[in-house]
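The file entry.pdb contains PDB, C-alpha atoms:
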ATOM      1  CA  MET A 266       0.457  -3.589 -23.160  1.00  0.00           C
ATOM      2  CA  ILE A 267      -1.433  -6.256 -25.108  1.00  0.00           C
ATOM      3  CA  VAL A 268      -1.854  -3.886 -28.061  1.00  0.00           C
ATOM      4  CA  GLN A 269       1.890  -3.258 -28.122  1.00  0.00           C
ATOM      5  CA  LEU A 270       2.482  -6.994 -27.908  1.00  0.00           C
ATOM      6  CA  LEU A 271       0.209  -7.629 -30.895  1.00  0.00           C
ATOM      7  CA  GLN A 272       2.069  -4.957 -32.862  1.00  0.00           C
ATOM      8  CA  SER A 273       5.510  -6.240 -31.873  1.00  0.00           C
ATOM      9  CA  GLY A 274       5.934  -8.636 -34.779  1.00  0.00           C
ATOM     10  CA  LEU A 275       6.546 -11.577 -32.455  1.00  0.00           C
ATOM     11  CA  SER A 276       5.384 -15.049 -33.409  1.00  0.00           C
ATOM     12  CA  GLY A 277       2.341 -16.612 -31.748  1.00  0.00           C
ATOM     13  CA  LYS A 278       4.467 -18.703 -29.366  1.00  0.00           C
ATOM     14  CA  GLU A 279       6.590 -15.698 -28.448  1.00  0.00           C
ATOM     15  CA  MET A 280       3.515 -13.584 -27.709  1.00  0.00           C
ATOM     16  CA  VAL A 281       2.117 -16.321 -25.454  1.00  0.00           C
ATOM     17  CA  LEU A 282       5.435 -16.463 -23.614  1.00  0.00           C
ATOM     18  CA  HIS A 283       5.489 -12.692 -23.148  1.00  0.00           C
ATOM     19  CA  LEU A 284       1.867 -12.695 -21.991  1.00  0.00           C
ATOM     20  CA  LEU A 285       2.595 -15.373 -19.373  1.00  0.00           C
ATOM     21  CA  CYS A 286       5.578 -13.383 -18.142  1.00  0.00           C
ATOM     22  CA  MET A 287       3.359 -10.291 -17.959  1.00  0.00           C
ATOM     23  CA  LEU A 288       0.709 -12.099 -15.929  1.00  0.00           C
ATOM     24  CA  PHE A 289       3.322 -13.385 -13.500  1.00  0.00           C
ATOM     25  CA  ALA A 290       4.772  -9.880 -13.087  1.00  0.00           C
ATOM     26  CA  ILE A 291       1.328  -8.318 -12.606  1.00  0.00           C
ATOM     27  CA  THR A 292       0.416 -10.920 -10.000  1.00  0.00           C
ATOM     28  CA  ILE A 293       3.587 -10.338  -8.011  1.00  0.00           C
ATOM     29  CA  SER A 294       3.318  -6.539  -8.258  1.00  0.00           C
ATOM     30  CA  PHE A 295      -0.320  -6.263  -7.188  1.00  0.00           C
ATOM     31  CA  SER A 296      -0.156  -8.961  -4.514  1.00  0.00           C
ATOM     32  CA  PHE A 297       2.892  -7.515  -2.769  1.00  0.00           C
ATOM     33  CA  HIS A 298       1.505  -3.966  -2.994  1.00  0.00           C
ATOM     34  CA  GLU A 299      -1.736  -4.860  -1.212  1.00  0.00           C
ATOM     35  CA  PHE A 300      -0.025  -7.310   1.163  1.00  0.00           C
ATOM     36  CA  MET A 301       2.249  -4.504   2.363  1.00  0.00           C
ATOM     37  CA  HIS A 302      -0.727  -2.222   3.050  1.00  0.00           C
ATOM     38  CA  ALA A 303      -2.362  -4.988   5.075  1.00  0.00           C
ATOM     39  CA  ARG A 304       0.797  -6.073   6.887  1.00  0.00           C
ATOM     40  CA  VAL A 305       1.748  -2.561   7.992  1.00  0.00           C
ATOM     41  CA  ALA A 306      -1.804  -1.823   9.197  1.00  0.00           C
ATOM     42  CA  VAL A 307      -1.794  -5.015  11.284  1.00  0.00           C
ATOM     43  CA  TRP A 308       1.695  -4.234  12.614  1.00  0.00           C
ATOM     44  CA  LEU A 309       0.453  -0.800  13.704  1.00  0.00           C
ATOM     45  CA  GLY A 310      -2.426  -2.346  15.641  1.00  0.00           C
ATOM     46  CA  ASP A 311      -5.434  -2.846  13.359  1.00  0.00           C
ATOM     47  CA  ASP A 312      -6.568  -6.442  12.755  1.00  0.00           C
ATOM     48  CA  THR A 313      -9.181  -5.497  10.137  1.00  0.00           C
ATOM     49  CA  PRO A 314      -7.024  -6.588   7.147  1.00  0.00           C
ATOM     50  CA  ALA A 315      -6.268  -9.895   8.891  1.00  0.00           C
ATOM     51  CA  HIS A 316      -9.967 -10.579   9.498  1.00  0.00           C
ATOM     52  CA  MET A 317     -10.627  -9.866   5.812  1.00  0.00           C
ATOM     53  CA  GLY A 318      -7.918 -12.292   4.692  1.00  0.00           C
ATOM     54  CA  ARG A 319      -5.674  -9.622   3.190  1.00  0.00           C
ATOM     55  CA  VAL A 320      -2.422 -10.390   5.038  1.00  0.00           C
ATOM     56  CA  THR A 321      -1.411 -12.860   2.354  1.00  0.00           C
ATOM     57  CA  LEU A 322       0.494 -13.014  -0.908  1.00  0.00           C
ATOM     58  CA  ASN A 323      -2.291 -15.072  -2.463  1.00  0.00           C
ATOM     59  CA  PRO A 324      -3.237 -13.053  -5.589  1.00  0.00           C
ATOM     60  CA  VAL A 325      -6.868 -14.171  -5.367  1.00  0.00           C
ATOM     61  CA  ALA A 326      -7.254 -11.959  -2.300  1.00  0.00           C
ATOM     62  CA  HIS A 327      -5.841  -8.867  -3.988  1.00  0.00           C
ATOM     63  CA  LEU A 328      -6.450  -8.775  -7.755  1.00  0.00           C
ATOM     64  CA  ASP A 329      -9.243  -6.562  -9.065  1.00  0.00           C
ATOM     65  CA  PRO A 330     -10.607  -7.799 -12.450  1.00  0.00           C
ATOM     66  CA  MET A 331     -11.032  -4.313 -13.944  1.00  0.00           C
ATOM     67  CA  GLY A 332      -7.710  -3.051 -12.595  1.00  0.00           C
ATOM     68  CA  THR A 333      -5.893  -6.099 -13.954  1.00  0.00           C
ATOM     69  CA  LEU A 334      -7.570  -5.788 -17.346  1.00  0.00           C
ATOM     70  CA  LEU A 335      -6.662  -2.110 -17.596  1.00  0.00           C
ATOM     71  CA  ILE A 336      -3.009  -2.711 -16.833  1.00  0.00           C
ATOM     72  CA  LEU A 337      -2.887  -5.268 -19.647  1.00  0.00           C
ATOM     73  CA  VAL A 338      -4.656  -2.960 -22.092  1.00  0.00           C
ATOM     74  CA  ALA A 339      -3.673   0.559 -21.004  1.00  0.00           C
ATOM     75  CA  GLY A 340      -0.517   0.077 -18.951  1.00  0.00           C
ATOM     76  CA  PHE A 341      -1.950   1.169 -15.589  1.00  0.00           C
ATOM     77  CA  GLY A 342      -4.338  -0.387 -13.101  1.00  0.00           C
ATOM     78  CA  TRP A 343      -5.082  -1.229  -9.483  1.00  0.00           C
ATOM     79  CA  GLY A 344      -5.828  -4.039  -7.057  1.00  0.00           C
ATOM     80  CA  LYS A 345      -8.555  -4.425  -4.434  1.00  0.00           C
ATOM     81  CA  PRO A 346      -7.997  -1.686  -1.836  1.00  0.00           C
ATOM     82  CA  VAL A 347      -7.086  -2.857   1.659  1.00  0.00           C
ATOM     83  CA  LEU A 348      -9.556  -1.571   4.250  1.00  0.00           C
ATOM     84  CA  TYR A 349      -8.336  -0.646   7.712  1.00  0.00           C
ATOM     85  CA  ASN A 350      -9.614   1.283  10.737  1.00  0.00           C
ATOM     86  CA  PRO A 351      -7.376   4.277  11.550  1.00  0.00           C
ATOM     87  CA  ASN A 352      -8.802   4.382  15.070  1.00  0.00           C
ATOM     88  CA  ASN A 353      -7.183   1.021  15.823  1.00  0.00           C
ATOM     89  CA  LEU A 354      -3.655   2.162  14.994  1.00  0.00           C
ATOM     90  CA  LYS A 355      -1.953   2.464  18.397  1.00  0.00           C
ATOM     91  CA  LYS A 356       1.743   1.640  17.947  1.00  0.00           C
ATOM     92  CA  PHE A 357       2.905   5.274  17.790  1.00  0.00           C
ATOM     93  CA  LYS A 358       1.569   8.517  19.188  1.00  0.00           C
ATOM     94  CA  SER A 359       1.065  10.278  15.859  1.00  0.00           C
ATOM     95  CA  ALA A 360      -2.064   9.150  14.028  1.00  0.00           C
ATOM     96  CA  ARG A 361      -0.956  11.007  10.919  1.00  0.00           C
ATOM     97  CA  LEU A 362       2.402   9.243  10.909  1.00  0.00           C
ATOM     98  CA  MET A 363       0.752   5.825  11.160  1.00  0.00           C
ATOM     99  CA  ASN A 364      -1.801   6.569   8.443  1.00  0.00           C
ATOM    100  CA  THR A 365       0.995   7.795   6.187  1.00  0.00           C
ATOM    101  CA  MET A 366       2.947   4.603   6.855  1.00  0.00           C
ATOM    102  CA  VAL A 367      -0.036   2.497   5.802  1.00  0.00           C
ATOM    103  CA  HIS A 368      -0.587   4.541   2.651  1.00  0.00           C
ATOM    104  CA  LEU A 369       3.084   4.395   1.634  1.00  0.00           C
ATOM    105  CA  ALA A 370       3.462   0.707   2.425  1.00  0.00           C
ATOM    106  CA  GLY A 371       2.161  -0.431  -0.959  1.00  0.00           C
ATOM    107  CA  VAL A 372       4.479   1.682  -3.094  1.00  0.00           C
ATOM    108  CA  THR A 373       7.378   0.814  -0.791  1.00  0.00           C
ATOM    109  CA  GLY A 374       6.609  -2.843  -1.417  1.00  0.00           C
ATOM    110  CA  ASN A 375       6.612  -2.242  -5.168  1.00  0.00           C
ATOM    111  CA  PHE A 376      10.007  -0.556  -4.969  1.00  0.00           C
ATOM    112  CA  ILE A 377      11.393  -3.498  -2.975  1.00  0.00           C
ATOM    113  CA  VAL A 378      10.067  -5.942  -5.590  1.00  0.00           C
ATOM    114  CA  ALA A 379      11.558  -3.841  -8.399  1.00  0.00           C
ATOM    115  CA  LEU A 380      14.950  -3.691  -6.660  1.00  0.00           C
ATOM    116  CA  ILE A 381      15.029  -7.448  -6.071  1.00  0.00           C
ATOM    117  CA  ALA A 382      13.960  -8.149  -9.646  1.00  0.00           C
ATOM    118  CA  SER A 383      16.649  -5.743 -10.912  1.00  0.00           C
ATOM    119  CA  LEU A 384      19.294  -7.476  -8.829  1.00  0.00           C
ATOM    120  CA  ILE A 385      18.248 -10.920 -10.060  1.00  0.00           C
ATOM    121  CA  GLY A 386      17.856  -9.600 -13.608  1.00  0.00           C
ATOM    122  CA  GLY A 387      21.431  -8.347 -13.678  1.00  0.00           C
ATOM    123  CA  ILE A 388      22.703 -11.722 -12.506  1.00  0.00           C
ATOM    124  CA  ILE A 389      20.624 -13.616 -15.053  1.00  0.00           C
ATOM    125  CA  TYR A 390      21.680 -11.248 -17.842  1.00  0.00           C
ATOM    126  CA  GLY A 391      25.313 -11.902 -16.971  1.00  0.00           C
ATOM    127  CA  LEU A 392      24.666 -15.647 -17.136  1.00  0.00           C
ATOM    128  CA  CYS A 393      22.852 -15.212 -20.463  1.00  0.00           C
ATOM    129  CA  MET A 394      25.969 -13.611 -21.914  1.00  0.00           C
ATOM    130  CA  LYS A 395      27.975 -16.715 -21.024  1.00  0.00           C
ATOM    131  CA  TYR A 396      25.348 -19.459 -21.316  1.00  0.00           C
ATOM    132  CA  ASP A 397      22.852 -18.987 -24.142  1.00  0.00           C
ATOM    133  CA  HIS A 398      19.868 -20.951 -22.832  1.00  0.00           C
ATOM    134  CA  VAL A 399      16.132 -20.452 -23.325  1.00  0.00           C
ATOM    135  CA  VAL A 400      15.425 -20.875 -19.610  1.00  0.00           C
ATOM    136  CA  LEU A 401      17.794 -18.038 -18.695  1.00  0.00           C
ATOM    137  CA  THR A 402      16.326 -15.838 -21.419  1.00  0.00           C
ATOM    138  CA  THR A 403      12.798 -16.482 -20.147  1.00  0.00           C
ATOM    139  CA  LEU A 404      13.768 -15.759 -16.541  1.00  0.00           C
ATOM    140  CA  TYR A 405      15.373 -12.497 -17.607  1.00  0.00           C
ATOM    141  CA  LEU A 406      12.176 -11.540 -19.435  1.00  0.00           C
ATOM    142  CA  VAL A 407      10.230 -12.210 -16.227  1.00  0.00           C
ATOM    143  CA  THR A 408      12.514  -9.861 -14.283  1.00  0.00           C
ATOM    144  CA  LEU A 409      12.133  -7.136 -16.919  1.00  0.00           C
ATOM    145  CA  TYR A 410       8.340  -7.261 -16.752  1.00  0.00           C
ATOM    146  CA  THR A 411       8.391  -7.453 -12.954  1.00  0.00           C
ATOM    147  CA  VAL A 412      10.504  -4.307 -12.711  1.00  0.00           C
ATOM    148  CA  SER A 413       8.342  -2.555 -15.307  1.00  0.00           C
ATOM    149  CA  PHE A 414       4.986  -3.386 -13.710  1.00  0.00           C
ATOM    150  CA  SER A 415       6.187  -2.778 -10.144  1.00  0.00           C
ATOM    151  CA  LEU A 416       7.507   0.679 -11.008  1.00  0.00           C
ATOM    152  CA  MET A 417       4.378   1.490 -13.004  1.00  0.00           C
ATOM    153  CA  LEU A 418       2.187   0.554 -10.041  1.00  0.00           C
ATOM    154  CA  LEU A 419       4.420   2.560  -7.724  1.00  0.00           C
ATOM    155  CA  ALA A 420       4.283   5.680  -9.910  1.00  0.00           C
ATOM    156  CA  PHE A 421       0.555   5.414 -10.604  1.00  0.00           C
ATOM    157  CA  ASN A 422      -0.294   5.113  -6.917  1.00  0.00           C
ATOM    158  CA  LEU A 423       1.867   8.109  -6.028  1.00  0.00           C
ATOM    159  CA  LEU A 424      -0.328  10.412  -8.137  1.00  0.00           C
ATOM    160  CA  PRO A 425      -2.110  12.947  -5.859  1.00  0.00           C
ATOM    161  CA  ILE A 426      -5.581  12.008  -7.093  1.00  0.00           C
ATOM    162  CA  PRO A 427      -8.267  10.269  -4.982  1.00  0.00           C
ATOM    163  CA  PRO A 428      -8.394   7.401  -4.173  1.00  0.00           C
ATOM    164  CA  LEU A 429      -4.681   6.752  -4.837  1.00  0.00           C
ATOM    165  CA  ASP A 430      -2.061   6.465  -2.101  1.00  0.00           C
ATOM    166  CA  GLY A 431      -0.301   9.676  -3.113  1.00  0.00           C
ATOM    167  CA  PHE A 432      -3.472  11.651  -2.438  1.00  0.00           C
ATOM    168  CA  HIS A 433      -3.989  10.059   0.980  1.00  0.00           C
ATOM    169  CA  VAL A 434      -0.417  10.917   1.972  1.00  0.00           C
ATOM    170  CA  LEU A 435      -1.019  14.583   1.079  1.00  0.00           C
ATOM    171  CA  GLU A 436      -4.386  14.380   2.810  1.00  0.00           C
ATOM    172  CA  GLU A 437      -2.660  13.696   6.128  1.00  0.00           C
ATOM    173  CA  LEU A 438      -1.050  17.150   5.883  1.00  0.00           C
ATOM    174  CA  LEU A 439      -4.408  18.937   5.692  1.00  0.00           C
ATOM    175  CA  PRO A 440      -6.108  20.394   8.788  1.00  0.00           C
ATOM    176  CA  TYR A 441      -8.909  18.212  10.154  1.00  0.00           C
ATOM    177  CA  LYS A 442     -11.335  21.112   9.637  1.00  0.00           C
ATOM    178  CA  VAL A 443     -10.675  21.059   5.887  1.00  0.00           C
ATOM    179  CA  ARG A 444     -10.913  17.266   5.663  1.00  0.00           C
ATOM    180  CA  SER A 445     -14.306  17.220   7.343  1.00  0.00           C
ATOM    181  CA  SER A 446     -15.840  20.025   5.264  1.00  0.00           C
ATOM    182  CA  ALA A 447     -18.674  19.418   2.795  1.00  0.00           C
ATOM    183  CA  GLY A 448     -16.659  20.863  -0.082  1.00  0.00           C
ATOM    184  CA  TYR A 449     -13.804  18.470   0.596  1.00  0.00           C
ATOM    185  CA  MET A 450     -16.185  15.505   0.681  1.00  0.00           C
ATOM    186  CA  LYS A 451     -17.580  16.595  -2.673  1.00  0.00           C
ATOM    187  CA  PHE A 452     -14.061  16.923  -4.088  1.00  0.00           C
ATOM    188  CA  GLN A 453     -13.247  13.369  -3.001  1.00  0.00           C
ATOM    189  CA  ARG A 454     -16.393  12.103  -4.697  1.00  0.00           C
ATOM    190  CA  TYR A 455     -15.717  13.644  -8.100  1.00  0.00           C
ATOM    191  CA  ALA A 456     -11.916  13.919  -8.293  1.00  0.00           C
ATOM    192  CA  PRO A 457     -11.412  10.248  -9.319  1.00  0.00           C
ATOM    193  CA  MET A 458     -13.108  11.147 -12.610  1.00  0.00           C
ATOM    194  CA  ALA A 459      -9.878  12.980 -13.497  1.00  0.00           C
ATOM    195  CA  LEU A 460      -8.174   9.597 -13.922  1.00  0.00           C
ATOM    196  CA  TRP A 461     -10.771   8.490 -16.444  1.00  0.00           C
ATOM    197  CA  VAL A 462     -10.578  11.824 -18.266  1.00  0.00           C
ATOM    198  CA  LEU A 463      -6.810  11.491 -18.601  1.00  0.00           C
ATOM    199  CA  PHE A 464      -7.179   7.876 -19.699  1.00  0.00           C
ATOM    200  CA  LEU A 465      -9.818   8.728 -22.324  1.00  0.00           C
ATOM    201  CA  LEU A 466      -7.738  11.622 -23.622  1.00  0.00           C
ATOM    202  CA  GLY A 467      -4.837   9.265 -24.146  1.00  0.00           C
ATOM    203  CA  THR A 468      -7.074   6.712 -25.833  1.00  0.00           C
ATOM    204  CA  PHE A 469      -9.013   8.905 -28.238  1.00  0.00           C
ATOM    205  CA  SER A 470      -6.784  11.943 -28.791  1.00  0.00           C
ATOM    206  CA  ARG A 471      -3.509  10.019 -28.972  1.00  0.00           C
ATOM    207  CA  LEU A 472      -2.148  12.331 -26.279  1.00  0.00           C
ATOM    208  CA  PRO A 473      -1.013   9.927 -23.521  1.00  0.00           C
ATOM    209  CA  ILE A 474      -1.014  12.505 -20.721  1.00  0.00           C
ATOM    210  CA  LEU A 475      -1.511   9.947 -17.951  1.00  0.00           C
ATOM    211  CA  SER A 476       1.251   7.699 -19.265  1.00  0.00           C
ATOM    212  CA  MET A 477       3.597  10.678 -19.548  1.00  0.00           C
ATOM    213  CA  ILE A 478       2.913  11.724 -15.945  1.00  0.00           C
ATOM    214  CA  ILE A 479       3.473   8.171 -14.730  1.00  0.00           C
ATOM    215  CA  GLU A 480       6.779   8.003 -16.601  1.00  0.00           C
ATOM    216  CA  VAL A 481       7.969  11.247 -14.987  1.00  0.00           C
ATOM    217  CA  VAL A 482       7.123   9.998 -11.479  1.00  0.00           C
ATOM    218  CA  GLU A 483       8.676   6.629 -12.244  1.00  0.00           C
ATOM    219  CA  PHE A 484      11.945   8.032 -13.628  1.00  0.00           C
ATOM    220  CA  PRO A 485      14.044   8.393 -10.417  1.00  0.00           C
ATOM    221  CA  PHE A 486      13.025   4.945  -9.186  1.00  0.00           C
ATOM    222  CA  SER A 487      13.844   3.488 -12.578  1.00  0.00           C
ATOM    223  CA  LEU A 488      17.322   5.028 -12.417  1.00  0.00           C
ATOM    224  CA  VAL A 489      18.021   3.330  -9.094  1.00  0.00           C
ATOM    225  CA  CYS A 490      16.794  -0.029 -10.379  1.00  0.00           C
ATOM    226  CA  GLY A 491      18.906   0.366 -13.505  1.00  0.00           C
ATOM    227  CA  LEU A 492      21.959   1.031 -11.366  1.00  0.00           C
ATOM    228  CA  VAL A 493      21.275  -2.066  -9.246  1.00  0.00           C
ATOM    229  CA  GLU A 494      20.922  -4.238 -12.353  1.00  0.00           C
ATOM    230  CA  THR A 495      24.137  -2.851 -13.861  1.00  0.00           C
ATOM    231  CA  LEU A 496      26.125  -3.440 -10.675  1.00  0.00           C
ATOM    232  CA  SER A 497      24.822  -7.007 -10.272  1.00  0.00           C
ATOM    233  CA  TYR A 498      25.596  -7.706 -13.940  1.00  0.00           C
ATOM    234  CA  GLN A 499      29.148  -6.413 -13.576  1.00  0.00           C
ATOM    235  CA  LEU A 500      29.660  -8.463 -10.431  1.00  0.00           C
ATOM    236  CA  ILE A 501      28.439 -11.730 -11.948  1.00  0.00           C
ATOM    237  CA  SER A 502      30.519 -11.033 -15.071  1.00  0.00           C
ATOM    238  CA  LEU A 503      33.635 -10.999 -12.888  1.00  0.00           C
ATOM    239  CA  LEU A 504      32.691 -14.263 -11.199  1.00  0.00           C
ATOM    240  CA  VAL A 505      31.729 -16.435 -14.202  1.00  0.00           C
TER     241      VAL A 505
END
What is this structure when it is put down as structure tokens?
Amino acid sequence: MIVQLLQSGLSGKEMVLHLLCMLFAITISFSFHEFMHARVAVWLGDDTPAHMGRVTLNPVAHLDPMGTLLILVAGFGWGKPVLYNPNNLKKFKSARLMNTMVHLAGVTGNFIVALIASLIGGIIYGLCMKYDHVVLTTLYLVTLYTVSFSLMLLAFNLLPIPPLDGFHVLEELLPYKVRSSAGYMKFQRYAPMALWVLFLLGTFSRLPILSMIIEVVEFPFSLVCGLVETLSYQLISLLV
């Protein structure tokens, strides 16, 4: 992201503005993702996230330095994982259902953020067409980055690779015998290296495999957000 910004041909002031908008979008995306994990776990009966101070939108509680740096440099990253105790989830009978709900809470939160930002973005874009003002232009830029980062975080976390949410959702479908086996434990230990392999391949071979996979996963969600922005733009255009 930063590399692309440096190569964009923007002036120094414009790059600073874009960087600030990026940081705001990253903060919102990560904070709401982890907040949703924590909030759903607490709602289902486990107070562990609350005791650890994770049921908050305060970014200090959720941002991971390395994950944040990577999203700025490479276009993908992560926040501090929310810890919870599955044994404390008591709201429903199915333990697998509740664990799946916790794992999907973060990406659901990202989709909600992206939808809201798309809705607001369409309205602001409509106002920009009628009122050419720097404040409106800046706010629209914020919505664009918020949609972009939220959908990126959603798509990245849906990848079926440990320790991402997508893997844990698939994990709930496996028999308990498989999940407790020594081979499975070994797989969990070494599988995360696949993320770094894909990242390094994209960095040094100029074959952005990881980015391409993320874009494919992101595509249907992006279509929905694009539709929401278009509809809100058309509506505000009729009103102003």
Open item on the list: For a quick check of understanding, using only C-alpha atoms, which of A:Ala303, A:Leu435, A:Ala382, A:Leu416 has the smallest distance to Asn350 of chain A?
Closed with: A:Ala303
TODO: Just give me the gap between atom CA of Asp430 of chain A and atom CA of Gln269 of chain A in Å, one decimal is fine.
DONE: 28.1 Å
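Counting from atom CA of Val347 of chain A, the distance to atom CA of Ser446 of chain A is 24.8 Å.
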Open item on the list: Which residues would end up in the selection if the PyMOL selection byres ((chain A and resi 491) around 12) were applied here, given that I need the answer as a count of residues only?
Closed with: 27
Open item on the list: Expand the PyMOL selection byres ((chain A and resi 290) around 7) into the explicit residue set it covers here, and present it as a PyMOL selection string.
Closed with: chain A and resi 286-289+291-294+407+410-411+414
Emit the selected residues as a PDB file, in the coordinates of the input, including C-alpha atoms.
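This is the output file selection.pdb:
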ATOM      1  CA  CYS A 286       5.578 -13.383 -18.142  1.00  0.00           C
ATOM      2  CA  MET A 287       3.359 -10.291 -17.959  1.00  0.00           C
ATOM      3  CA  LEU A 288       0.709 -12.099 -15.929  1.00  0.00           C
ATOM      4  CA  PHE A 289       3.322 -13.385 -13.500  1.00  0.00           C
ATOM      5  CA  ILE A 291       1.328  -8.318 -12.606  1.00  0.00           C
ATOM      6  CA  THR A 292       0.416 -10.920 -10.000  1.00  0.00           C
ATOM      7  CA  ILE A 293       3.587 -10.338  -8.011  1.00  0.00           C
ATOM      8  CA  SER A 294       3.318  -6.539  -8.258  1.00  0.00           C
ATOM      9  CA  VAL A 407      10.230 -12.210 -16.227  1.00  0.00           C
ATOM     10  CA  TYR A 410       8.340  -7.261 -16.752  1.00  0.00           C
ATOM     11  CA  THR A 411       8.391  -7.453 -12.954  1.00  0.00           C
ATOM     12  CA  PHE A 414       4.986  -3.386 -13.710  1.00  0.00           C
TER      13      PHE A 414
END
- [ ] Give me, please, the distance in Å between atom CA of Val378 of chain A and atom CA of Ser415 of chain A, quoted to one decimal.
- [x] 6.8 Å
Axis-aligned box over every listed atom of segment 307-322 of chain A, padded by 8 Å per side: centre and edges in Å to one decimal, as JSON?
{"center_x": -4.5, "center_y": -6.9, "center_z": 7.4, "size_x": 28.3, "size_y": 28.2, "size_z": 32.5}
Open item on the list: For the provided coordinates, the residues matched by the PyMOL selection byres ((chain A and resi 344) around 12) should be stated as JSON, numbers by chain.
Closed with: {"A": [291, 292, 293, 294, 295, 296, 297, 298, 299, 300, 302, 319, 324, 325, 326, 327, 328, 329, 330, 331, 332, 333, 334, 335, 336, 341, 342, 343, 345, 346, 347, 371, 418, 421, 422, 429]}
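Distance check against Asn352 of chain A using all atoms listed in the file: of A:Phe432, A:Gly318, A:Asn364, A:Trp461, the minimum falls on A:Asn364.
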